[in-house]
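What follows is the content of data36.tsv, which has TSV, C-alpha atoms:
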chain	number	residue	atom	x	y	z
A	1	MET	CA	-11.06	-2.03	49.37
A	2	LEU	CA	-8.51	-0.75	46.88
A	3	SER	CA	-6.74	-4.12	46.94
A	4	ASP	CA	-10.03	-5.85	46.02
A	5	VAL	CA	-10.30	-3.65	42.95
A	6	TYR	CA	-6.79	-4.60	41.86
A	7	VAL	CA	-7.45	-8.30	42.46
A	8	ARG	CA	-10.60	-8.21	40.32
A	9	ALA	CA	-8.86	-6.19	37.61
A	10	TYR	CA	-5.79	-8.42	37.37
A	11	ARG	CA	-7.36	-11.83	38.07
A	12	PRO	CA	-7.78	-12.67	34.33
A	13	LEU	CA	-4.11	-11.87	33.72
A	14	LEU	CA	-3.08	-14.04	36.65
A	15	VAL	CA	-5.12	-16.98	35.34
A	16	VAL	CA	-3.51	-16.64	31.89
A	17	ALA	CA	-0.03	-16.44	33.40
A	18	VAL	CA	-0.53	-19.55	35.55
A	19	ALA	CA	-2.00	-21.48	32.61
A	20	SER	CA	0.95	-20.46	30.43
A	21	LEU	CA	3.43	-21.63	33.03
A	22	ALA	CA	1.64	-24.96	33.31
A	23	LEU	CA	1.78	-25.46	29.55
A	24	VAL	CA	5.47	-24.60	29.41
A	25	SER	CA	6.33	-26.91	32.28
A	26	CYS	CA	4.35	-29.78	30.73
A	27	GLY	CA	6.03	-29.40	27.35
A	28	ARG	CA	9.65	-29.24	28.52
A	29	PRO	CA	11.46	-31.74	30.72
A	30	ARG	CA	13.46	-30.19	33.53
A	31	LEU	CA	17.21	-30.23	32.97
A	32	SER	CA	19.23	-32.78	34.85
A	33	TYR	CA	21.11	-30.27	36.98
A	34	GLU	CA	17.78	-29.17	38.48
A	35	VAL	CA	16.60	-32.67	39.39
A	36	GLY	CA	19.79	-34.71	39.24
A	37	PRO	CA	20.86	-37.33	41.78
A	38	PRO	CA	22.66	-36.54	45.05
A	39	SER	CA	26.35	-35.74	44.63
A	40	SER	CA	29.51	-36.03	46.67
A	41	ILE	CA	31.29	-32.83	47.68
A	42	ALA	CA	33.56	-33.30	44.63
A	43	GLY	CA	30.51	-33.40	42.37
A	44	GLN	CA	30.30	-37.14	41.66
A	45	PRO	CA	26.70	-38.33	41.26
A	46	LEU	CA	25.90	-40.87	43.97
A	47	LEU	CA	24.15	-43.62	42.05
A	48	ASP	CA	24.85	-46.80	44.06
A	49	ASN	CA	21.12	-47.10	44.59
A	50	PRO	CA	19.07	-44.52	42.63
A	51	SER	CA	16.10	-45.03	44.96
A	52	ASP	CA	18.11	-43.94	48.04
A	53	SER	CA	17.23	-40.69	49.74
A	54	CYS	CA	19.91	-38.00	49.60
A	55	PRO	CA	21.02	-38.57	53.25
A	56	ALA	CA	21.25	-42.32	52.59
A	57	ALA	CA	23.34	-41.69	49.46
A	58	GLN	CA	25.66	-39.38	51.43
A	59	SER	CA	26.01	-42.00	54.15
A	60	ASN	CA	26.98	-44.58	51.51
A	61	TRP	CA	29.53	-42.12	50.10
A	62	VAL	CA	31.09	-41.65	53.53
A	63	ALA	CA	31.30	-45.43	54.02
A	64	ARG	CA	32.98	-45.85	50.61
A	65	ALA	CA	35.41	-42.91	50.87
A	66	ASP	CA	36.33	-43.71	54.49
A	67	THR	CA	39.22	-46.02	53.63
A	68	ASN	CA	40.57	-46.30	57.19
A	69	LYS	CA	37.06	-47.15	58.46
A	70	ASP	CA	37.06	-44.71	61.37
A	71	GLY	CA	33.51	-43.57	60.62
A	72	ALA	CA	34.27	-40.30	58.82
A	73	VAL	CA	36.05	-38.90	55.74
A	74	ASP	CA	39.19	-36.87	56.41
A	75	LEU	CA	40.78	-34.49	53.91
A	76	GLY	CA	43.22	-37.08	52.58
A	77	GLU	CA	40.42	-39.56	51.95
A	78	ALA	CA	38.25	-36.88	50.34
A	79	LYS	CA	41.12	-35.91	48.02
A	80	ALA	CA	41.69	-39.54	47.04
A	81	ASP	CA	37.97	-39.90	46.29
A	82	ALA	CA	38.02	-36.70	44.21
A	83	ARG	CA	41.05	-37.93	42.22
A	84	ARG	CA	39.27	-41.21	41.46
A	85	PHE	CA	36.15	-39.38	40.27
A	86	PHE	CA	38.20	-36.91	38.20
A	87	ALA	CA	39.98	-39.75	36.40
A	88	MET	CA	36.61	-41.30	35.51
A	89	VAL	CA	35.42	-38.07	33.87
A	90	ASP	CA	38.71	-37.04	32.21
A	91	ALA	CA	38.16	-39.37	29.24
A	92	ASP	CA	41.23	-38.27	27.25
A	93	ASN	CA	43.51	-38.23	30.33
A	94	ASN	CA	44.82	-34.75	29.57
A	95	GLY	CA	44.44	-33.45	33.13
A	96	VAL	CA	41.36	-31.28	32.54
A	97	VAL	CA	37.64	-31.96	32.50
A	98	THR	CA	35.59	-30.14	29.89
A	99	PRO	CA	31.80	-29.66	29.82
A	100	SER	CA	31.69	-32.16	26.95
A	101	GLU	CA	33.47	-34.84	28.99
A	102	LEU	CA	31.26	-34.12	31.98
A	103	THR	CA	28.08	-34.45	29.93
A	104	ASP	CA	29.35	-37.65	28.26
A	105	TYR	CA	30.12	-39.13	31.70
A	106	ARG	CA	26.64	-38.27	32.96
A	107	ILE	CA	24.91	-39.65	29.89
A	108	LYS	CA	26.68	-42.97	30.52
A	109	THR	CA	26.08	-43.11	34.27
A	110	TYR	CA	22.83	-41.32	35.07
A	111	PRO	CA	19.58	-43.27	35.32
A	112	ALA	CA	17.35	-43.05	32.24
A	113	GLU	CA	15.16	-40.22	33.53
A	114	TYR	CA	18.21	-37.98	33.92
A	115	ARG	CA	19.91	-39.13	30.72
A	116	ARG	CA	16.90	-38.12	28.63
A	117	SER	CA	17.08	-34.50	29.74
A	118	ILE	CA	20.84	-34.02	29.34
A	119	ALA	CA	20.95	-35.89	26.01
A	120	THR	CA	18.45	-33.54	24.35
A	121	PRO	CA	20.59	-31.11	22.32
A	122	LEU	CA	19.91	-27.41	22.30
A	123	PRO	CA	19.38	-25.69	18.95
A	124	PRO	CA	22.54	-24.40	17.19
A	125	THR	CA	23.79	-21.09	18.53
A	126	GLY	CA	25.67	-19.91	15.47
A	127	ALA	CA	29.30	-18.87	15.21
A	128	PRO	CA	31.88	-19.88	17.82
A	129	VAL	CA	32.25	-17.48	20.73
A	130	LYS	CA	35.21	-16.56	22.88
A	131	THR	CA	35.31	-17.33	26.59
A	132	PRO	CA	36.40	-14.63	29.08
A	133	GLY	CA	39.89	-16.13	28.83
A	134	GLY	CA	39.94	-15.65	25.05
A	135	THR	CA	39.59	-19.31	24.14
A	136	GLU	CA	37.39	-19.96	21.13
A	137	LEU	CA	34.53	-22.19	22.13
A	138	PRO	CA	33.06	-24.40	19.37
A	139	ASP	CA	29.30	-24.42	19.18
A	140	PRO	CA	28.74	-28.05	20.32
A	141	GLU	CA	30.89	-27.43	23.38
A	142	LYS	CA	28.90	-24.32	24.19
A	143	ARG	CA	25.62	-26.21	23.96
A	144	ARG	CA	26.90	-28.84	26.36
A	145	TYR	CA	28.23	-26.17	28.72
A	146	LEU	CA	24.80	-24.59	28.85
A	147	LEU	CA	23.54	-27.88	30.26
A	148	THR	CA	26.09	-27.72	33.08
A	149	PRO	CA	26.35	-24.01	33.96
A	150	ALA	CA	29.13	-22.87	36.27
A	151	THR	CA	26.64	-21.12	38.51
A	152	THR	CA	24.83	-24.32	39.50
A	153	ASP	CA	26.88	-27.35	38.46
A	154	LEU	CA	29.01	-28.81	41.25
A	155	VAL	CA	31.92	-29.76	38.99
A	156	MET	CA	31.99	-26.73	36.70
A	157	ALA	CA	31.63	-24.43	39.73
A	158	ALA	CA	35.26	-25.34	40.44
A	159	ASP	CA	36.35	-23.57	37.23
A	160	ALA	CA	38.08	-20.73	39.07
A	161	ASP	CA	39.64	-19.11	35.98
A	162	LEU	CA	36.45	-19.47	33.88
A	163	ASP	CA	38.21	-21.13	30.95
A	164	PHE	CA	35.60	-23.91	30.57
A	165	ARG	CA	38.21	-26.45	31.70
A	166	VAL	CA	38.42	-27.81	35.24
A	167	THR	CA	41.71	-29.14	36.59
A	168	LEU	CA	42.12	-31.62	39.42
A	169	ASP	CA	43.58	-28.86	41.59
A	170	GLU	CA	40.46	-26.76	41.02
A	171	VAL	CA	38.16	-29.67	41.88
A	172	VAL	CA	40.13	-30.43	45.05
A	173	ALA	CA	40.12	-26.76	46.09
A	174	LYS	CA	36.35	-26.46	45.66
A	175	MET	CA	35.78	-29.81	47.40
A	176	THR	CA	37.97	-28.70	50.34
A	177	GLU	CA	35.97	-25.47	50.62
A	178	ARG	CA	32.68	-27.39	50.71
A	179	GLY	CA	34.04	-29.91	53.19
A	180	ALA	CA	35.17	-27.16	55.56
A	181	LYS	CA	31.63	-25.75	55.58
A	182	LEU	CA	30.15	-29.16	56.39
A	183	ASP	CA	32.62	-29.89	59.20
A	184	ASP	CA	30.40	-28.64	62.03
A	185	ASN	CA	32.57	-29.80	64.92
A	186	GLY	CA	35.84	-28.67	63.32
A	187	ASP	CA	37.59	-32.03	63.68
A	188	GLY	CA	38.81	-32.04	60.07
A	189	ARG	CA	36.55	-34.96	59.14
A	190	ILE	CA	33.09	-35.32	57.62
A	191	SER	CA	30.70	-37.75	59.27
A	192	ALA	CA	27.61	-39.21	57.61
A	193	GLY	CA	25.48	-36.74	59.56
A	194	GLU	CA	27.59	-33.79	58.40
A	195	ALA	CA	27.58	-35.05	54.81
A	196	ALA	CA	23.77	-35.20	54.92
A	197	ALA	CA	23.78	-31.40	55.29
A	198	PHE	CA	25.06	-31.27	51.70
A	199	CYS	CA	21.57	-32.35	50.63
A	200	GLY	CA	20.44	-28.77	51.21

Give the structure from the file, written as structure tokens.
Amino acid sequence: MLSDVYVRAYRPLLVVAVASLALVSCGRPRLSYEVGPPSSIAGQPLLDNPSDSCPAAQSNWVARADTNKDGAVDLGEAKADARRFFAMVDADNNGVVTPSELTDYRIKTYPAEYRRSIATPLPPTGAPVKTPGGTELPDPEKRRYLLTPATTDLVMAADADLDFRVTLDEVVAKMTERGAKLDDNGDGRISAGEAAAFCG
């Protein structure tokens, strides 16, 4: 009885809230990291065939990274695949990947529906800020970083020292950690079936 009173009293507020959410979601495209393509355990977007399901994309990744063709990806093969991906993103070849390089790579490689969302700049944020490590972060770099936050982005999540720069060692360490979690049978290799679990 009491709950009915509350429902009647708050129903108008609920309707307004739902309508507001609908308007907001219609007016703003979702960011790419929320709807982006499947990714390898190193964070490379798997775009061989954008219409593939996530498990199919993971299976294609296993087939590509499995250089000795034994049906699974071992740690050595996974590291080689991560090094290849890292070199593609590290545009200036200085041994670190920045949020700017990562965004530039994605703008060039993502399908159009993803490129539109990551290419839309955020409004200026004002004066440069300092990262936890004390490095001054120019405003454009900060805007790009906000599009690939360390809490959700597979590549920037490897930034162990939070300096907004990801090294190959950091990428390999994070990839190894993810691979160990996927390796259900503990044989030190990732099969297509195990890789499919990375789809969530």

Just need the box for segment 71-84 of chain A, edges along x, y and z, holding every atom the file lists for it with 5 Å tacked onto each side, so centre and edge lengths in Å to one decimal, as JSON.
{"center_x": 38.4, "center_y": -39.0, "center_z": 51.0, "size_x": 19.7, "size_y": 19.1, "size_z": 29.2}

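Interatomic distance, atom CA of Thr98 of chain A against atom CA of Arg165 of chain A: 4.9 Å.
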
For this session: Using all atoms listed in the file, determine which residues lie at most 12 Å from Val96 of chain A, disregarding the query and same-chain residues fewer than 3 positions distant; provide the list as a count of residues only.
Result: 26

Exercise. Quick one, how far is atom CA of Asn185 of chain A from atom CA of Phe198 of chain A?
Worked result: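 Atom CA of Asn185 of chain A sits 15.3 Å away from atom CA of Phe198 of chain A.
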
Exercise. Nearest to Pro55 of chain A: which of A:Pro37, A:Gly186, A:Ala42, A:Thr67 is it, counting all atoms listed in the file?
Worked result: A:Pro37

Exercise. Counting all atoms listed in the file, which of A:Gly188, A:Gly193, A:Pro45, A:Gly95 gets nearest to Leu75 of chain A?
Worked result: A:Gly188

Problem set entry | Using all atoms listed in the file: which of A:Leu162, A:Met175, A:Val97, A:Leu47 has the shortest distance to Ala82 of chain A |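 Of A:Leu162, A:Met175, A:Val97, A:Leu47, the one nearest Ala82 of chain A, counting all atoms listed in the file, is A:Met175.
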
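Of note, atom CA of Pro50 of chain A and atom CA of Glu194 of chain A are spaced 20.9 Å apart.
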
Exercise. For Phe85 of chain A, which of A:Val73, A:Ala65, A:Leu182, A:Ala173 is the closest residue, counting all atoms listed in the file?
Worked result: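 For Phe85 of chain A, the nearest of the candidates is A:Ala65.
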
Exercise. Which one is closest to Arg189 of chain A: A:Glu177, A:Glu77, A:Asp161, A:Thr103? Count only C-alpha atoms.
Worked result: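 Among the listed residues, A:Glu77 lies closest to Arg189 of chain A.
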
Problem set entry | Which of A:Cys54, A:Ala78, A:Ala157, A:Ala192 sits closest to Ile41 of chain A [using all atoms listed in the file] |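 Of A:Cys54, A:Ala78, A:Ala157, A:Ala192, the one nearest Ile41 of chain A, counting all atoms listed in the file, is A:Ala78.
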
For this session: Could you please give me, as a PyMOL selection string, the residues of protein, DNA or RNA lying at most 9 Å from (30.7, -41.2, 49.5) in the coordinate frame of the file, considering all atoms listed in the file?
Result: chain A and resi 39-41+44+46+57-66+73+78+81+192+195
